[in-house]
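A.B. asks: Please read through the structure below; I'll follow up with questions.
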Amino acid sequence: MRSITGEGVRQTHAMLSELLPLQRSEVPTGTQVFDWTVPKEWVVRRAYVVNPRGERILDVQGNNLHLVQYSVGFQGKMELDELDEHLHSLPELPDAVPYVTSYWKPYWGFCLSERQRSELEPGEYSVVIDADHVDGSMTLSEAVLPGEAEDTVLISVNTCHPSMANNDLSGPLVAAFLYRKLADLPVRRLTFRFIFLPETIGSIAFLSRHGADLKRTMVAGYTVTCVGDGAPLTYKRSKHGDTLADRAAAYALGRLDSQLRLRDFWPLGSDERQYCSPGFDLPVGSIMRSVPTEYSEYHTSLDNRDFISFEAMERSVDACFELCRLLDRNLVYRNQRPFGEPKLDRLGLFPTLRTERLVQERVQAGLWLVSLSDGQNDLLAVAERSGLDFWLLAEVASVLESHGLLSV
Amino acid sequence: MRSITGEGVRQTHAMLSELLPLQRSEVPTGTQVFDWTVPKEWVVRRAYVVNPRGERILDVQGNNLHLVQYSVGFQGKMELDELDEHLHSLPELPDAVPYVTSYWKPYWGFCLSERQRSELEPGEYSVVIDADHVDGSMTLSEAVLPGEAEDTVLISVNTCHPSMANNDLSGPLVAAFLYRKLADLPVRRLTFRFIFLPETIGSIAFLSRHGADLKRTMVAGYTVTCVGDGAPLTYKRSKHGDTLADRAAAYALGRLDSQLRLRDFWPLGSDERQYCSPGFDLPVGSIMRSVPTEYSEYHTSLDNRDFISFEAMERSVDACFELCRLLDRNLVYRNQRPFGEPKLDRLGLFPTLRTERLVQERVQAGLWLVSLSDGQNDLLAVAERSGLDFWLLAEVASVLESHGLLSV
Amino acid sequence: MRSITGEGVRQTHAMLSELLPLQRSEVPTGTQVFDWTVPKEWVVRRAYVVNPRGERILDVQGNNLHLVQYSVGFQGKMELDELDEHLHSLPELPDAVPYVTSYWKPYWGFCLSERQRSELEPGEYSVVIDADHVDGSMTLSEAVLPGEAEDTVLISVNTCHPSMANNDLSGPLVAAFLYRKLADLPVRRLTFRFIFLPETIGSIAFLSRHGADLKRTMVAGYTVTCVGDGAPLTYKRSKHGDTLADRAAAYALGRLDSQLRLRDFWPLGSDERQYCSPGFDLPVGSIMRSVPTEYSEYHTSLDNRDFISFEAMERSVDACFELCRLLDRNLVYRNQRPFGEPKLDRLGLFPTLRTERLVQERVQAGLWLVSLSDGQNDLLAVAERSGLDFWLLAEVASVLESHGLLSV
């Protein structure tokens, strides 16, 4: 029974702790976070309906999507037409049970497939919802991989949606395995900060505590969601659209997925809309495969384990890892012998005997680097302009740096 | 006998005063206005030619286009070949009488159709031009609709061309009816300033008196000309091309005419070339249907009542009105709760129970507004970027403002 | 035996001195020029191979490409397989002798056609290279055409490649005849500075002496190379890509060659890579026909007199001359009567009797000039924006200037 608060989400964070060292923090019910208030915890002990034949149906024991999230407690009998006002189904997807929430307005309701709904017989139904809203707290977790610099890359994922696989079991899983790959790196220049929290209220609460800190240290950030399905990668740009986060994502994700889809920012979506709000205006984009609201299984029981695959999640981890590595390596160099070309043959970066017309890419890389390293262009800019591979440029830049020709 | 000065143009202004409260001013002959001097008034009592058969032809009584504008007085007899040097016709339009002027160089001449010219018989002709150039003044009129702010939208039209319908009876008529629609608005934020004047010398004289004032107050301006024919709307951009005048015209006119043609500035045309001169550099574009010089009836007797329609002029009024309303409503908001999203469900701008995937446009509008209202983007920028309708955004912005979430 | 230093290149400069008044300077062997050191002079007295039949082959007397440039002295006998390690040929061009250099690493080698190489019989060969590297100097030449202003246009060409026609006999020849055409102009506003030097080391040495001076005075510069073949013109932009050098070249060369190919900067090529190095960052592009490395005759014995033509070089001279003239005439005007339009009919630049719809290009030119002359736009910008011819605009600008309406 995971939701935006409560034991279910705490268990989720506990299980994720097996994968990475999460530091959990709790924000008490009633805490004011900007324009919002942290809600009570939702406790559901039992919830089901008994049909006129005496059969128990729509039991949350079998499928926790049957109960509208944050439903208030209720017990009573009623005819089908009265019950029907509290039922939710999707005519366009007759076999899917929709995922419906009412976090902020007291309500109760059940969700079921259109097919099941059409088979409900007239007669008297008993509704049993043994649920409470109690004072407690909202759970947020963090895991920080410190780097040589305080400059920070943020990875933000959601842990609130119950039962759904792509949206959003895939985000936390990909983040966890990304953490492990980054933790294995021998050195990291940048700090990588992973946060796991409920959507919207969670990121707003996080910003209320850490927003100023993020504003000071963040160089790029991403929400990661719906990364387990079979679609090509999608990158949704930050509000400014041309930040380092955006340039690096377009380059690195495009390297690993030639079908990468780039989309401009829009103010719906996941927590990027909080990070990009005008008061913070952080460079945060969103990494997805299928886009929430745009795939038919979205927010239904069809967004299940069959809809995602470990293989797709692994490729998502690889893409995010490539992106993080690239950010980590993306230095701005300054040519230390900027007057004319340095004599690169001494470094093996220019042929002494020129017999072929085609100039090696390594030679081209060296020339582009000494030409563009004016203290303004980062390696990514050199890669974008030259068309040469980022990692070739990075390797040649290291050679040039070790000989004192470039410096950071 | 309307021209750039004189009784004809004064009668025109008097007739327009029946439609809107014009304030007339007179600029005396000989007044220096920048590089120009206000000319004498042109008084024509009689003008015609008597052909060898004794018939009176080319009589201004029948068609005031027959006499070259500002012709000097002349009386004399001559053979056809001598007369012919003073005749003007259009071989490519054999039935049209051209409109010819010689404001700045003493000259006399007659205009006639190519057909009529070809039928002139040899023999002796008498020319009678009973005309004078006398000290007087040039007539300019203004009508100002004050708004809450001094910020001003200028609408500038010409009243000098005699007998021609599209160019330019249509401009003054559209301006007059636009005035009336704007006057009916219960409130106006902006001031709308309508000016009626002869082309070129009129706007230069106006600028010599009011240019500094316009420079201080004008937020957008338009010349309106040739707006009575059946062609789609044309918008000619101001010299800078990306001013508020240009952005608003492209958006608002494009809403009402999907065939709107956008043209970059060029320094011929109507009075926009005076307003955009480097000394003033005002944000003034031009609203047209057919473009002067580019339609074959231009500056001939064929630009007559048959060439225009009330229906086209009404649509022109509607388009200009939409543009003016949009400018009037185009505020720059600042989000007053800029840290994370405000809790919009309290305002009915976010669903508490989310059962449909499609998010209402009103909800989208609210989110775009809180996201982009950083004190830099005007409503038009939000409309351009979001693709949402300006007026939907304006209405939702009012809701947000009334709840203190946005402020100007 | 021309190379980057020595008597051969001095003879070349002496021969060029018959075409234009070159001022020669010598940079001594061992001089440190930024990251480089001026090399010793290379003196070759004899160089050939004797085959097993006793025949002298690969003799530099017959073709100086046979010896790898800067080969060290060597005398010895060896079997074919040992000799083969010092041979260079091009399998893809079986009849071409390649041009190979080893300026910076001691080495000896011979170049020959693939066909000849395949016919070498086994047996003992004698190698004779009677050559030395001796202290001396590197030869640079300059010719400066002073103008009214110190503002300078640089034309830079290479004199080091032996025997090759397009790359690069054509560059020095075109530069020399361009000099003569510019010298014939009655007045020049700009100073034109022509430099003749060996590639890379020459321009680096020149920059070490005159770089600060160029930085202060240069308004545009061009390397000119491979301008004798039959391909359309190519212009390679400077590193910034939008400097005056680039705008003027795109316009002027495009006027004379509708097939002009525009290419963005890349850091291989000729000496533009030295001029554009970050320490100098000069506005220098490159004018070519075929692009070095991209035509198959490049750096082989096939880049010979048959590959180029006087006709192509003449057209190259004309294109460069047009470019230089345009730069010389490209003033920034300021409208002296900027309030409204000046009364242009007084200057014959506006019709007093307007009878035709088509407005003369001269009239359009006058209006564009008074409209855009705000002290920011140069004549080229007026030409680019108006679509009118640069020289028409220049002529009309002179009329306007002579009447005090424009000033520089």
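Ligands are numbered from 1 in the order shown, chains are lettered A, B, ... in the order of the structure tokens, and residues start at 1 in each chain.
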Can you check which residues of chain C have any atom within 7 Å of chain A? Use only C-alpha atoms and format it as a list of chain:residue names.
C.D. replies: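 Result: C:Phe34, C:Asp35, C:Trp36, C:Val100, C:Thr101, C:Ser102, C:Trp104, C:Lys105, C:Ile204, C:Pro267, C:Gln274, C:Tyr275, C:Ser277, C:Pro278, C:Gly279, C:Phe280, C:Thr293.
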A.B. asks: Would you return as a PyMOL selection string the members of range 49-194 of chain C that DSSP assigns to alpha helix (DSSP H) on this structure's backbone?
C.D. replies: chain C and resi 80-84+114-118+170-183
A.B. asks: Identify all residues of range 37-226 of chain B in strand (DSSP E or B) (DSSP on the backbone) and supply them as a short mmCIF file (atom, residue, chain, number, x, y, z; two decimals) with N, CA, C and O atoms, in the first residue's frame.
C.D. replies:
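The resulting file, out14.cif, is shown below:
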data_model
loop_
_atom_site.label_atom_id
_atom_site.label_comp_id
_atom_site.auth_asym_id
_atom_site.auth_seq_id
_atom_site.Cartn_x
_atom_site.Cartn_y
_atom_site.Cartn_z
N THR B 37 9.51 71.96 -45.79
CA THR B 37 8.76 73.19 -45.54
C THR B 37 7.30 72.94 -45.90
O THR B 37 7.00 72.38 -46.96
N GLU B 41 -1.19 76.31 -49.89
CA GLU B 41 -2.41 75.60 -50.24
C GLU B 41 -2.64 75.69 -51.75
O GLU B 41 -2.29 76.66 -52.39
N TRP B 42 -3.24 74.65 -52.25
CA TRP B 42 -3.52 74.57 -53.69
C TRP B 42 -5.01 74.82 -53.88
O TRP B 42 -5.83 74.10 -53.31
N VAL B 43 -5.31 75.85 -54.64
CA VAL B 43 -6.72 76.19 -54.89
C VAL B 43 -6.99 76.01 -56.38
O VAL B 43 -6.34 76.63 -57.21
N VAL B 44 -7.93 75.16 -56.70
CA VAL B 44 -8.28 74.93 -58.10
C VAL B 44 -9.73 75.34 -58.31
O VAL B 44 -10.63 74.80 -57.66
N ARG B 45 -9.94 76.32 -59.16
CA ARG B 45 -11.32 76.75 -59.42
C ARG B 45 -11.89 76.03 -60.65
O ARG B 45 -12.98 75.49 -60.61
N ARG B 46 -11.13 75.99 -61.71
CA ARG B 46 -11.55 75.29 -62.92
C ARG B 46 -10.31 74.68 -63.56
O ARG B 46 -9.23 75.27 -63.49
N ALA B 47 -10.49 73.57 -64.26
CA ALA B 47 -9.37 73.01 -65.03
C ALA B 47 -9.96 72.07 -66.06
O ALA B 47 -10.71 71.15 -65.73
N TYR B 48 -9.65 72.34 -67.30
CA TYR B 48 -10.13 71.47 -68.38
C TYR B 48 -9.36 71.81 -69.65
O TYR B 48 -8.57 72.76 -69.69
N VAL B 49 -9.64 70.99 -70.65
CA VAL B 49 -9.03 71.21 -71.96
C VAL B 49 -10.19 71.30 -72.97
O VAL B 49 -11.20 70.61 -72.81
N VAL B 50 -10.05 72.17 -73.97
CA VAL B 50 -11.05 72.21 -75.05
C VAL B 50 -10.40 71.64 -76.30
O VAL B 50 -9.32 72.08 -76.69
N ARG B 56 -15.32 70.30 -74.30
CA ARG B 56 -14.55 70.39 -73.06
C ARG B 56 -14.21 68.96 -72.61
O ARG B 56 -15.11 68.15 -72.41
N ILE B 57 -12.96 68.68 -72.49
CA ILE B 57 -12.53 67.35 -72.03
C ILE B 57 -11.61 67.48 -70.82
O ILE B 57 -11.16 68.59 -70.50
N LEU B 67 -6.46 66.32 -63.40
CA LEU B 67 -5.43 67.35 -63.24
C LEU B 67 -4.30 66.82 -62.36
O LEU B 67 -4.55 66.26 -61.29
N GLN B 69 -1.89 66.71 -59.58
CA GLN B 69 -2.00 67.37 -58.28
C GLN B 69 -0.94 68.46 -58.14
O GLN B 69 0.23 68.26 -58.44
N PHE B 74 -2.58 77.89 -65.53
CA PHE B 74 -2.11 78.02 -66.92
C PHE B 74 -3.31 78.25 -67.82
O PHE B 74 -4.39 77.70 -67.61
N GLN B 75 -3.12 79.05 -68.84
CA GLN B 75 -4.17 79.27 -69.82
C GLN B 75 -3.47 79.44 -71.16
O GLN B 75 -2.51 80.22 -71.25
N GLY B 76 -3.87 78.70 -72.18
CA GLY B 76 -3.17 78.85 -73.44
C GLY B 76 -3.69 77.91 -74.50
O GLY B 76 -4.46 76.98 -74.20
N LYS B 77 -3.29 78.12 -75.71
CA LYS B 77 -3.67 77.28 -76.84
C LYS B 77 -2.42 76.62 -77.38
O LYS B 77 -1.35 77.21 -77.38
N MET B 78 -2.58 75.39 -77.84
CA MET B 78 -1.40 74.68 -78.38
C MET B 78 -1.87 73.53 -79.25
O MET B 78 -2.99 73.06 -79.14
N GLU B 79 -0.96 73.12 -80.11
CA GLU B 79 -1.22 71.95 -80.95
C GLU B 79 -1.13 70.69 -80.07
O GLU B 79 -0.56 70.70 -78.99
N LEU B 87 0.63 65.34 -70.88
CA LEU B 87 -0.39 64.30 -70.64
C LEU B 87 0.24 63.06 -70.02
O LEU B 87 1.37 62.71 -70.32
N HIS B 88 -0.52 62.39 -69.15
CA HIS B 88 -0.05 61.17 -68.47
C HIS B 88 -1.11 60.09 -68.56
O HIS B 88 -2.26 60.33 -68.22
N PRO B 98 -4.47 57.71 -64.46
CA PRO B 98 -3.50 57.65 -63.37
C PRO B 98 -3.62 58.84 -62.43
O PRO B 98 -4.16 59.89 -62.79
N THR B 101 1.17 63.39 -59.12
CA THR B 101 1.36 64.59 -58.29
C THR B 101 2.67 65.26 -58.62
O THR B 101 3.61 64.64 -59.10
N PHE B 110 -2.11 67.01 -67.32
CA PHE B 110 -3.41 66.34 -67.25
C PHE B 110 -3.22 64.83 -67.31
O PHE B 110 -2.30 64.33 -67.98
N CYS B 111 -4.12 64.11 -66.67
CA CYS B 111 -4.08 62.66 -66.66
C CYS B 111 -5.33 62.14 -67.36
O CYS B 111 -6.43 62.67 -67.19
N GLU B 124 -5.83 72.28 -82.69
CA GLU B 124 -5.49 73.20 -81.63
C GLU B 124 -6.36 72.95 -80.40
O GLU B 124 -7.57 72.81 -80.50
N TYR B 125 -5.69 72.89 -79.25
CA TYR B 125 -6.36 72.65 -77.97
C TYR B 125 -6.20 73.88 -77.08
O TYR B 125 -5.18 74.57 -77.13
N SER B 126 -7.26 74.14 -76.30
CA SER B 126 -7.14 75.19 -75.28
C SER B 126 -7.01 74.55 -73.92
O SER B 126 -7.77 73.64 -73.59
N VAL B 127 -6.04 75.02 -73.17
CA VAL B 127 -5.85 74.51 -71.81
C VAL B 127 -6.29 75.59 -70.83
O VAL B 127 -5.89 76.75 -70.95
N VAL B 128 -7.14 75.22 -69.89
CA VAL B 128 -7.58 76.17 -68.87
C VAL B 128 -7.32 75.55 -67.48
O VAL B 128 -7.91 74.53 -67.13
N ILE B 129 -6.38 76.14 -66.77
CA ILE B 129 -6.18 75.73 -65.36
C ILE B 129 -6.25 77.00 -64.55
O ILE B 129 -5.33 77.83 -64.54
N ASP B 130 -7.40 77.17 -63.89
CA ASP B 130 -7.58 78.34 -63.04
C ASP B 130 -7.24 77.90 -61.61
O ASP B 130 -8.11 77.43 -60.87
N ALA B 131 -5.96 77.99 -61.27
CA ALA B 131 -5.49 77.45 -59.99
C ALA B 131 -4.46 78.38 -59.40
O ALA B 131 -3.76 79.10 -60.12
N ASP B 132 -4.35 78.36 -58.07
CA ASP B 132 -3.36 79.19 -57.38
C ASP B 132 -2.71 78.39 -56.27
O ASP B 132 -3.28 77.42 -55.77
N HIS B 133 -1.54 78.83 -55.88
CA HIS B 133 -0.91 78.33 -54.67
C HIS B 133 -0.84 79.49 -53.71
O HIS B 133 -0.21 80.51 -54.01
N VAL B 134 -1.54 79.37 -52.60
CA VAL B 134 -1.70 80.51 -51.70
C VAL B 134 -1.24 80.14 -50.28
O VAL B 134 -1.27 78.97 -49.89
N SER B 137 -2.47 76.74 -44.74
CA SER B 137 -1.95 75.81 -43.74
C SER B 137 -2.23 74.38 -44.15
O SER B 137 -3.00 74.13 -45.08
N MET B 138 -1.59 73.47 -43.45
CA MET B 138 -1.81 72.05 -43.67
C MET B 138 -2.58 71.50 -42.48
O MET B 138 -2.28 71.84 -41.33
N THR B 139 -3.55 70.64 -42.77
CA THR B 139 -4.49 70.19 -41.74
C THR B 139 -4.10 68.83 -41.19
O THR B 139 -3.92 67.87 -41.95
N LEU B 140 -3.96 68.74 -39.88
CA LEU B 140 -3.73 67.47 -39.18
C LEU B 140 -4.83 67.31 -38.15
O LEU B 140 -5.30 68.30 -37.59
N SER B 141 -5.28 66.10 -37.89
CA SER B 141 -6.27 65.89 -36.84
C SER B 141 -5.84 64.74 -35.95
O SER B 141 -5.15 63.83 -36.38
N GLU B 142 -6.29 64.82 -34.73
CA GLU B 142 -5.98 63.81 -33.72
C GLU B 142 -7.23 63.45 -32.95
O GLU B 142 -8.12 64.28 -32.76
N ALA B 143 -7.29 62.23 -32.48
CA ALA B 143 -8.31 61.85 -31.49
C ALA B 143 -7.62 60.90 -30.52
O ALA B 143 -7.03 59.91 -30.93
N VAL B 144 -7.65 61.26 -29.26
CA VAL B 144 -6.93 60.47 -28.25
C VAL B 144 -7.93 59.82 -27.31
O VAL B 144 -8.82 60.47 -26.78
N LEU B 145 -7.80 58.51 -27.14
CA LEU B 145 -8.59 57.78 -26.15
C LEU B 145 -7.68 57.52 -24.96
O LEU B 145 -6.83 56.63 -25.00
N THR B 152 1.31 54.48 -24.95
CA THR B 152 0.44 54.84 -26.07
C THR B 152 0.61 53.91 -27.26
O THR B 152 1.72 53.51 -27.60
N VAL B 153 -0.53 53.59 -27.87
CA VAL B 153 -0.55 52.93 -29.18
C VAL B 153 -0.95 53.98 -30.21
O VAL B 153 -1.97 54.65 -30.04
N LEU B 154 -0.14 54.10 -31.25
CA LEU B 154 -0.43 55.09 -32.30
C LEU B 154 -1.06 54.43 -33.50
O LEU B 154 -0.59 53.37 -33.95
N ILE B 155 -2.13 55.03 -34.02
CA ILE B 155 -2.73 54.60 -35.28
C ILE B 155 -2.67 55.80 -36.22
O ILE B 155 -3.23 56.86 -35.90
N SER B 156 -2.00 55.62 -37.34
CA SER B 156 -1.74 56.76 -38.22
C SER B 156 -2.28 56.47 -39.62
O SER B 156 -1.93 55.44 -40.21
N VAL B 157 -3.15 57.37 -40.12
CA VAL B 157 -3.74 57.17 -41.45
C VAL B 157 -3.65 58.45 -42.28
O VAL B 157 -3.49 59.54 -41.74
N ASN B 158 -3.77 58.30 -43.59
CA ASN B 158 -3.60 59.42 -44.52
C ASN B 158 -4.93 59.90 -45.09
O ASN B 158 -5.80 59.10 -45.40
N THR B 191 -3.27 54.16 -23.68
CA THR B 191 -3.80 55.31 -24.40
C THR B 191 -3.71 55.02 -25.90
O THR B 191 -2.68 54.50 -26.36
N PHE B 192 -4.78 55.31 -26.63
CA PHE B 192 -4.77 55.09 -28.09
C PHE B 192 -4.86 56.46 -28.77
O PHE B 192 -5.78 57.23 -28.53
N ARG B 193 -3.88 56.70 -29.61
CA ARG B 193 -3.78 58.01 -30.23
C ARG B 193 -3.94 57.83 -31.73
O ARG B 193 -3.11 57.18 -32.38
N PHE B 194 -5.01 58.42 -32.29
CA PHE B 194 -5.30 58.31 -33.72
C PHE B 194 -4.89 59.60 -34.40
O PHE B 194 -5.29 60.68 -33.95
N ILE B 195 -4.14 59.48 -35.48
CA ILE B 195 -3.80 60.70 -36.21
C ILE B 195 -4.15 60.54 -37.69
O ILE B 195 -3.98 59.48 -38.28
N PHE B 196 -4.71 61.64 -38.23
CA PHE B 196 -5.17 61.69 -39.62
C PHE B 196 -4.39 62.81 -40.28
O PHE B 196 -4.52 63.97 -39.86
N LEU B 197 -3.62 62.49 -41.30
CA LEU B 197 -2.76 63.54 -41.85
C LEU B 197 -2.33 63.18 -43.28
O LEU B 197 -2.45 62.04 -43.71
N MET B 218 5.25 55.97 -26.62
CA MET B 218 4.69 54.96 -27.52
C MET B 218 5.21 53.55 -27.22
O MET B 218 6.41 53.34 -27.10
N VAL B 219 4.31 52.61 -27.11
CA VAL B 219 4.73 51.21 -26.95
C VAL B 219 4.58 50.45 -28.27
O VAL B 219 5.25 49.44 -28.49
N ALA B 220 3.68 50.93 -29.13
CA ALA B 220 3.51 50.29 -30.44
C ALA B 220 2.74 51.25 -31.33
O ALA B 220 1.96 52.07 -30.83
N GLY B 221 2.98 51.16 -32.62
CA GLY B 221 2.24 52.02 -33.54
C GLY B 221 2.09 51.36 -34.89
O GLY B 221 2.86 50.44 -35.23
N TYR B 222 1.09 51.83 -35.62
CA TYR B 222 0.81 51.23 -36.92
C TYR B 222 0.32 52.30 -37.88
O TYR B 222 -0.50 53.14 -37.51
N THR B 223 0.80 52.25 -39.10
CA THR B 223 0.10 52.93 -40.16
C THR B 223 -0.90 51.94 -40.72
O THR B 223 -0.65 50.73 -40.73
N VAL B 224 -2.07 52.45 -41.12
CA VAL B 224 -3.13 51.58 -41.63
C VAL B 224 -3.52 52.13 -43.00
O VAL B 224 -3.94 53.28 -43.11
#
A.B. asks: Report as a list in words all protein, DNA and RNA residues lying within 9 Å of His161 in chain A, evaluated on only C-alpha atoms, omitting residues in the same chain fewer than 2 positions from it.
C.D. replies: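 Non-adjacent residues within range: Arg2, Ser3, Ile4, Tyr99, Asn158, Thr159, Ser163, Met164, Ala165, Asn167, Asp168, Leu169, Pro198, Glu199 and His299 of chain A.
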A.B. asks: Using only N, CA, C and O atoms, please write the residues we just selected to a file, as a CSV table (one decimal), in the first residue's frame.
C.D. replies:
chain,number,residue,atom,x,y,z
A,2,ARG,N,1.8,1.4,-1.0
A,2,ARG,CA,2.6,2.5,-1.0
A,2,ARG,C,1.8,3.8,-1.5
A,2,ARG,O,1.0,3.7,-2.4
A,3,SER,N,2.1,4.9,-0.9
A,3,SER,CA,1.5,6.2,-1.4
A,3,SER,C,2.5,7.3,-1.1
A,3,SER,O,3.7,7.0,-1.0
A,4,ILE,N,2.1,8.5,-1.1
A,4,ILE,CA,3.1,9.6,-0.9
A,4,ILE,C,3.6,9.6,0.5
A,4,ILE,O,4.7,10.3,0.8
A,99,TYR,N,-5.3,4.1,-12.1
A,99,TYR,CA,-4.7,4.6,-10.9
A,99,TYR,C,-5.3,6.0,-10.6
A,99,TYR,O,-5.0,6.9,-11.4
A,158,ASN,N,11.0,9.3,-8.1
A,158,ASN,CA,9.8,9.3,-7.3
A,158,ASN,C,9.6,7.9,-6.8
A,158,ASN,O,9.8,6.9,-7.5
A,159,THR,N,9.1,7.8,-5.5
A,159,THR,CA,8.8,6.5,-4.9
A,159,THR,C,7.4,6.4,-4.4
A,159,THR,O,7.1,5.6,-3.5
A,163,SER,N,2.4,-0.1,-7.3
A,163,SER,CA,2.1,-1.2,-8.2
A,163,SER,C,2.6,-0.9,-9.7
A,163,SER,O,2.7,-1.8,-10.5
A,164,MET,N,2.8,0.4,-10.0
A,164,MET,CA,3.1,0.6,-11.4
A,164,MET,C,4.6,0.5,-11.6
A,164,MET,O,5.4,0.8,-10.8
A,165,ALA,N,4.9,-0.1,-12.8
A,165,ALA,CA,6.3,-0.5,-13.0
A,165,ALA,C,7.1,0.5,-13.7
A,165,ALA,O,8.2,0.9,-13.3
A,167,ASN,N,6.2,3.7,-14.3
A,167,ASN,CA,6.0,4.9,-13.6
A,167,ASN,C,5.4,4.7,-12.2
A,167,ASN,O,4.2,4.7,-12.0
A,168,ASP,N,6.3,4.2,-11.1
A,168,ASP,CA,7.6,4.5,-11.3
A,168,ASP,C,8.5,3.6,-10.4
A,168,ASP,O,9.0,4.0,-9.4
A,169,LEU,N,8.5,2.3,-10.8
A,169,LEU,CA,9.6,1.5,-10.3
A,169,LEU,C,10.9,1.7,-11.0
A,169,LEU,O,12.0,1.6,-10.5
A,198,PRO,N,8.5,11.4,-2.9
A,198,PRO,CA,7.2,11.4,-3.5
A,198,PRO,C,7.1,12.6,-4.5
A,198,PRO,O,7.7,13.6,-4.2
A,199,GLU,N,6.3,12.4,-5.5
A,199,GLU,CA,6.2,13.4,-6.6
A,199,GLU,C,5.6,14.7,-6.0
A,199,GLU,O,4.8,14.6,-5.1
A,299,HIS,N,-0.5,5.1,-15.8
A,299,HIS,CA,-1.4,5.3,-14.7
A,299,HIS,C,-2.6,4.3,-14.7
A,299,HIS,O,-3.7,4.6,-14.4
A.B. asks: So that I can check the surroundings of Gly228 in chain B, please list as a PyMOL selection string every protein, DNA and RNA residue that reaches within 8 Å of it, counting only C-alpha atoms and ignoring chain neighbours fewer than 3 positions away.
C.D. replies: chain B and resi 165-166+170-171+289+307-310+312-313+316
A.B. asks: Just the number, please: distance in Å from CA of Glu148 in chain C to CA of Asp378 in chain C, one decimal.
C.D. replies: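 Interatomic distance here is 18.4 Å.
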A.B. asks: I need the residue nearest Leu349 in chain C from this list: C:Asp328, C:Ala319, C:Leu112, C:Val396. Use only C-alpha atoms for the distance.
C.D. replies: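 The shortest atom-to-atom distance to Leu349 in chain C comes from C:Val396.
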A.B. asks: Name all residues at most 12 Å from Glu121 in chain B (count only C-alpha atoms; drop same-chain ones fewer than 4 positions away) and give them as a PyMOL selection string.
C.D. replies: chain B and resi 50-55+79-81+83-84+116-117+125
A.B. asks: Quick check, in Å to one decimal: how far apart do CA of Pro94 in chain C and CA of Val72 in chain C lie?
C.D. replies: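 Value for the CA of Pro94 in chain C-CA of Val72 in chain C distance: 26.6 Å.
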A.B. asks: Can you pull out every residue within 9 Å of Ala96 in chain B, counting only C-alpha atoms, but drop anything in the same chain fewer than 3 positions away, and send it as a list in words?
C.D. replies: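 Final neighbour list, sorted by chain and number: Ser89, Leu90, Leu93, Leu112, Ser113, Glu114, Arg115, Glu297, Thr300, Ser301 and Leu302 of chain B.
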A.B. asks: What does the distance from CA of Val38 in chain A to CA of Asp135 in chain A come to in Å, to one decimal?
C.D. replies: 9.9 Å
A.B. asks: Which residues are close to Ala248 in chain A, i.e. within 10 Å by only C-alpha atoms, leaving aside same-chain residues fewer than 4 positions away? Reply as a list of chain:residue names.
C.D. replies: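 Everything that qualifies: A:Ala220, A:Asp242, A:Thr243, A:Leu244, A:Ala252, A:Leu253, A:Gly254, A:Glu322, A:Leu323, A:Cys324, A:Leu326, A:Leu327, A:Asn330, A:Leu380, A:Ala381.
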